[in-house]
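**Q** Before anything else, here's the structure in question.
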Amino acid sequence: GKTVTFKSAPGRAKKAIALARKAGRTMLSAREVADVLAAYGFPLAPSRLCATAAEAIEAAHALGYPVVLKAASDALVHKSDLGGVQLDLRNADEVAGAFEQIVSRLRSKDKMLKIQVQRMIVGGRETILGMTRDPQFGPVLMFGLGGIFVEVMKDVSVRIHPLTDVNARSMIERIKGYPLLAGARGEKPVDLLVLEESLLRLSQLVSDLEDDLAELDINPLIVTGDGKNS
């Protein structure tokens, strides 16, 4: 089987991790996570960091509607559970309202709170990729459908690191929701090669950064049928 290699990626990723270490953190900030993922070729939706509602509206116009607003904070972990994420905002009024809602809920928890405005990927399937550590086997990779499929149905497949292209494809095909990805009942199929490559990128990332990583989630990775993934 094949593997994916990125010559400059480990250096770029380790710089982001070193910044967190220097600040005494064991968790990467949103920007550091973006740096690590970008180093390994993961497609990231365009975004801007904003301090005011006016900046958020300006960013939304520049990025193009619809947009997502997310609390950008090193102090907050489960942002969606805390009301720190607002989806599918389609005009300036909605952006301003969502900005004020997030800030009013979370500013008391983090005085340095900023808001990330991100273009929303419309269509496609939400998937989740991840890595955790097993006491016996070491790094274990995970793949599943996102949203209710992972939260309620626990529809995921796992495999011991590292992956080959054959392993990656079998991880994708093993989940119960695979027919939704493959285009069952008239559904538009997603680009399975992009999913396979993403799992191989994750495996390479884990190989390069194994000593620095305890766990990692990419949630969501939205996969479409036309290569416009995020």
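If you're wondering about the labels, chains in the structure tokens are A, B, ... by order shown, residues count from 1 in each chain, ligands from 1 in order shown.
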Select from segment 46-206 of chain A everything DSSP, run on the backbone, classes as strand (DSSP E or B), then give the selection as a PyMOL selection string.

**A** chain A and resi 47-50+67-72+85-89+114-119+125-134+138-145+156-160

**Q** Please tabulate, as a tab-separated table, the residues of segment 113-140 of chain A that come within 10 Å of segment 86-98 of chain A, each with its closest pair of atoms and the distance in Å to one decimal, counting only C-alpha atoms and ordering rows by chain, then residue number upward.

**A**
residue	atom	partner	partner_atom	distance
A:Val117	CA	A:Val95	CA	9.1
A:Gln118	CA	A:Leu87	CA	9.7
A:Arg119	CA	A:Asp88	CA	9.2
A:Met120	CA	A:Asp88	CA	6.8
A:Ile121	CA	A:Asp88	CA	9.3
A:Val122	CA	A:Asp88	CA	8.9

**Q** Could you dump the residues just selected with N, CA and C atoms as a PDB file, in the first residue's frame?

**A**
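Result file follows (part12.pdb):
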ATOM      1  N   VAL A 117     -14.910  34.171  12.034  1.00  0.00           N
ATOM      2  CA  VAL A 117     -15.941  34.131  10.986  1.00  0.00           C
ATOM      3  C   VAL A 117     -15.404  33.236   9.871  1.00  0.00           C
ATOM      4  N   GLN A 118     -16.181  32.228   9.506  1.00  0.00           N
ATOM      5  CA  GLN A 118     -15.716  31.226   8.547  1.00  0.00           C
ATOM      6  C   GLN A 118     -16.784  30.999   7.487  1.00  0.00           C
ATOM      7  N   ARG A 119     -16.359  30.904   6.248  1.00  0.00           N
ATOM      8  CA  ARG A 119     -17.331  30.594   5.198  1.00  0.00           C
ATOM      9  C   ARG A 119     -17.898  29.202   5.419  1.00  0.00           C
ATOM     10  N   MET A 120     -19.209  29.060   5.303  1.00  0.00           N
ATOM     11  CA  MET A 120     -19.866  27.781   5.534  1.00  0.00           C
ATOM     12  C   MET A 120     -19.888  26.980   4.239  1.00  0.00           C
ATOM     13  N   ILE A 121     -19.455  25.727   4.333  1.00  0.00           N
ATOM     14  CA  ILE A 121     -19.500  24.834   3.180  1.00  0.00           C
ATOM     15  C   ILE A 121     -20.918  24.283   3.067  1.00  0.00           C
ATOM     16  N   VAL A 122     -21.571  24.561   1.944  1.00  0.00           N
ATOM     17  CA  VAL A 122     -22.960  24.149   1.755  1.00  0.00           C
ATOM     18  C   VAL A 122     -23.003  22.826   0.992  1.00  0.00           C
TER      19      VAL A 122
END

**Q** Give me every alpha helix (DSSP H) residue in segment 33-66 of chain A, going by DSSP on the backbone, as a PyMOL selection string.

**A** chain A and resi 33-39+53-63

**Q** For the atom pair atom CA of Ala20 of chain A and atom CA of Ser73 of chain A, what is the interatomic distance in Å to one decimal place?

**A**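 These two atoms are separated by 13.1 Å.
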
**Q** What lies within 12 Å of Asp212 of chain A using only C-alpha atoms, ignoring chain neighbours under 3 positions off, as a compact mmCIF listing (two decimals) with C-alpha atoms, in the first residue's frame?

**A**
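Full text of out.txt as output:
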# COMPACT_ATOMS: atom_id res chain seq x y z
CA PRO A 10 6.76 18.32 10.31
CA ALA A 13 3.56 21.68 12.54
CA LYS A 14 6.20 21.47 15.28
CA LYS A 15 6.51 25.29 15.26
CA ALA A 16 2.81 25.58 16.09
CA ILE A 17 3.15 23.00 18.87
CA ALA A 18 6.23 24.78 20.24
CA ALA A 20 1.65 26.24 22.72
CA ARG A 21 4.38 24.68 24.87
CA THR A 26 -1.26 21.37 26.56
CA MET A 27 -4.01 22.21 24.05
CA LEU A 28 -3.48 23.98 20.73
CA VAL A 36 -0.84 21.98 11.78
CA ARG A 133 -3.99 6.59 22.30
CA PRO A 139 -1.97 5.60 18.42
CA LEU A 205 0.72 13.63 10.71
CA VAL A 206 0.56 11.15 13.58
CA SER A 207 3.78 9.46 12.39
CA ASP A 208 5.64 12.78 12.35
CA LEU A 209 4.20 14.23 15.56
CA GLU A 215 -5.32 13.15 20.84
CA LEU A 216 -6.67 14.96 17.80

**Q** Using only C-alpha atoms, what does the table of segment 122-159 of chain A residues within 9 Å of segment 217-225 of chain A look like, with each row giving the shortest atom pair and its distance in Å to one decimal, sorted by chain and ascending number, as JSON lines?

**A**
{"residue": "A:Val122", "atom": "CA", "partner": "A:Thr224", "partner_atom": "CA", "distance": 8.9}
{"residue": "A:Gly123", "atom": "CA", "partner": "A:Thr224", "partner_atom": "CA", "distance": 6.8}
{"residue": "A:Gly124", "atom": "CA", "partner": "A:Thr224", "partner_atom": "CA", "distance": 4.1}
{"residue": "A:Arg125", "atom": "CA", "partner": "A:Val223", "partner_atom": "CA", "distance": 5.3}
{"residue": "A:Glu126", "atom": "CA", "partner": "A:Ile222", "partner_atom": "CA", "distance": 4.5}
{"residue": "A:Thr127", "atom": "CA", "partner": "A:Leu221", "partner_atom": "CA", "distance": 5.1}
{"residue": "A:Ile128", "atom": "CA", "partner": "A:Asn219", "partner_atom": "CA", "distance": 4.8}
{"residue": "A:Leu129", "atom": "CA", "partner": "A:Ile218", "partner_atom": "CA", "distance": 5.1}
{"residue": "A:Gly130", "atom": "CA", "partner": "A:Asp217", "partner_atom": "CA", "distance": 4.3}
{"residue": "A:Met131", "atom": "CA", "partner": "A:Asp217", "partner_atom": "CA", "distance": 6.6}
{"residue": "A:Thr132", "atom": "CA", "partner": "A:Asp217", "partner_atom": "CA", "distance": 8.7}
{"residue": "A:Met142", "atom": "CA", "partner": "A:Asp217", "partner_atom": "CA", "distance": 9.0}
{"residue": "A:Leu145", "atom": "CA", "partner": "A:Pro220", "partner_atom": "CA", "distance": 8.8}
{"residue": "A:Gly146", "atom": "CA", "partner": "A:Pro220", "partner_atom": "CA", "distance": 6.4}
{"residue": "A:Gly147", "atom": "CA", "partner": "A:Pro220", "partner_atom": "CA", "distance": 8.2}

**Q** Compile the contact shell of segment 164-180 of chain A as a count of residues only: residues with an atom at most 8 Å away, counting only C-alpha atoms, same-chain residues fewer than 3 positions apart removed.

**A** 21

**Q** For a test of reading the model, state the distance in Å between atom CA of Phe137 of chain A and atom CA of Ser29 of chain A, rounded to one decimal.

**A**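 Interatomic distance, atom CA of Phe137 of chain A to atom CA of Ser29 of chain A: 28.0 Å.
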
**Q** Go through A:Ala45, A:Tyr65, A:Pro135, A:Ile57 one by one, measure the shortest atom-to-atom distance of each to Phe99 of chain A using only C-alpha atoms, and give the residue with the smallest value.

**A**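 The closest residue to Phe99 of chain A is A:Ile57.
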
**Q** Given only C-alpha atoms as the basis, pick out the residue of A:Gln116, A:Gly83, A:Cys50, A:Ala59 nearest to Ser104 of chain A.

**A**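 Residue with the minimum atom-to-atom distance to Ser104 of chain A: A:Gly83.
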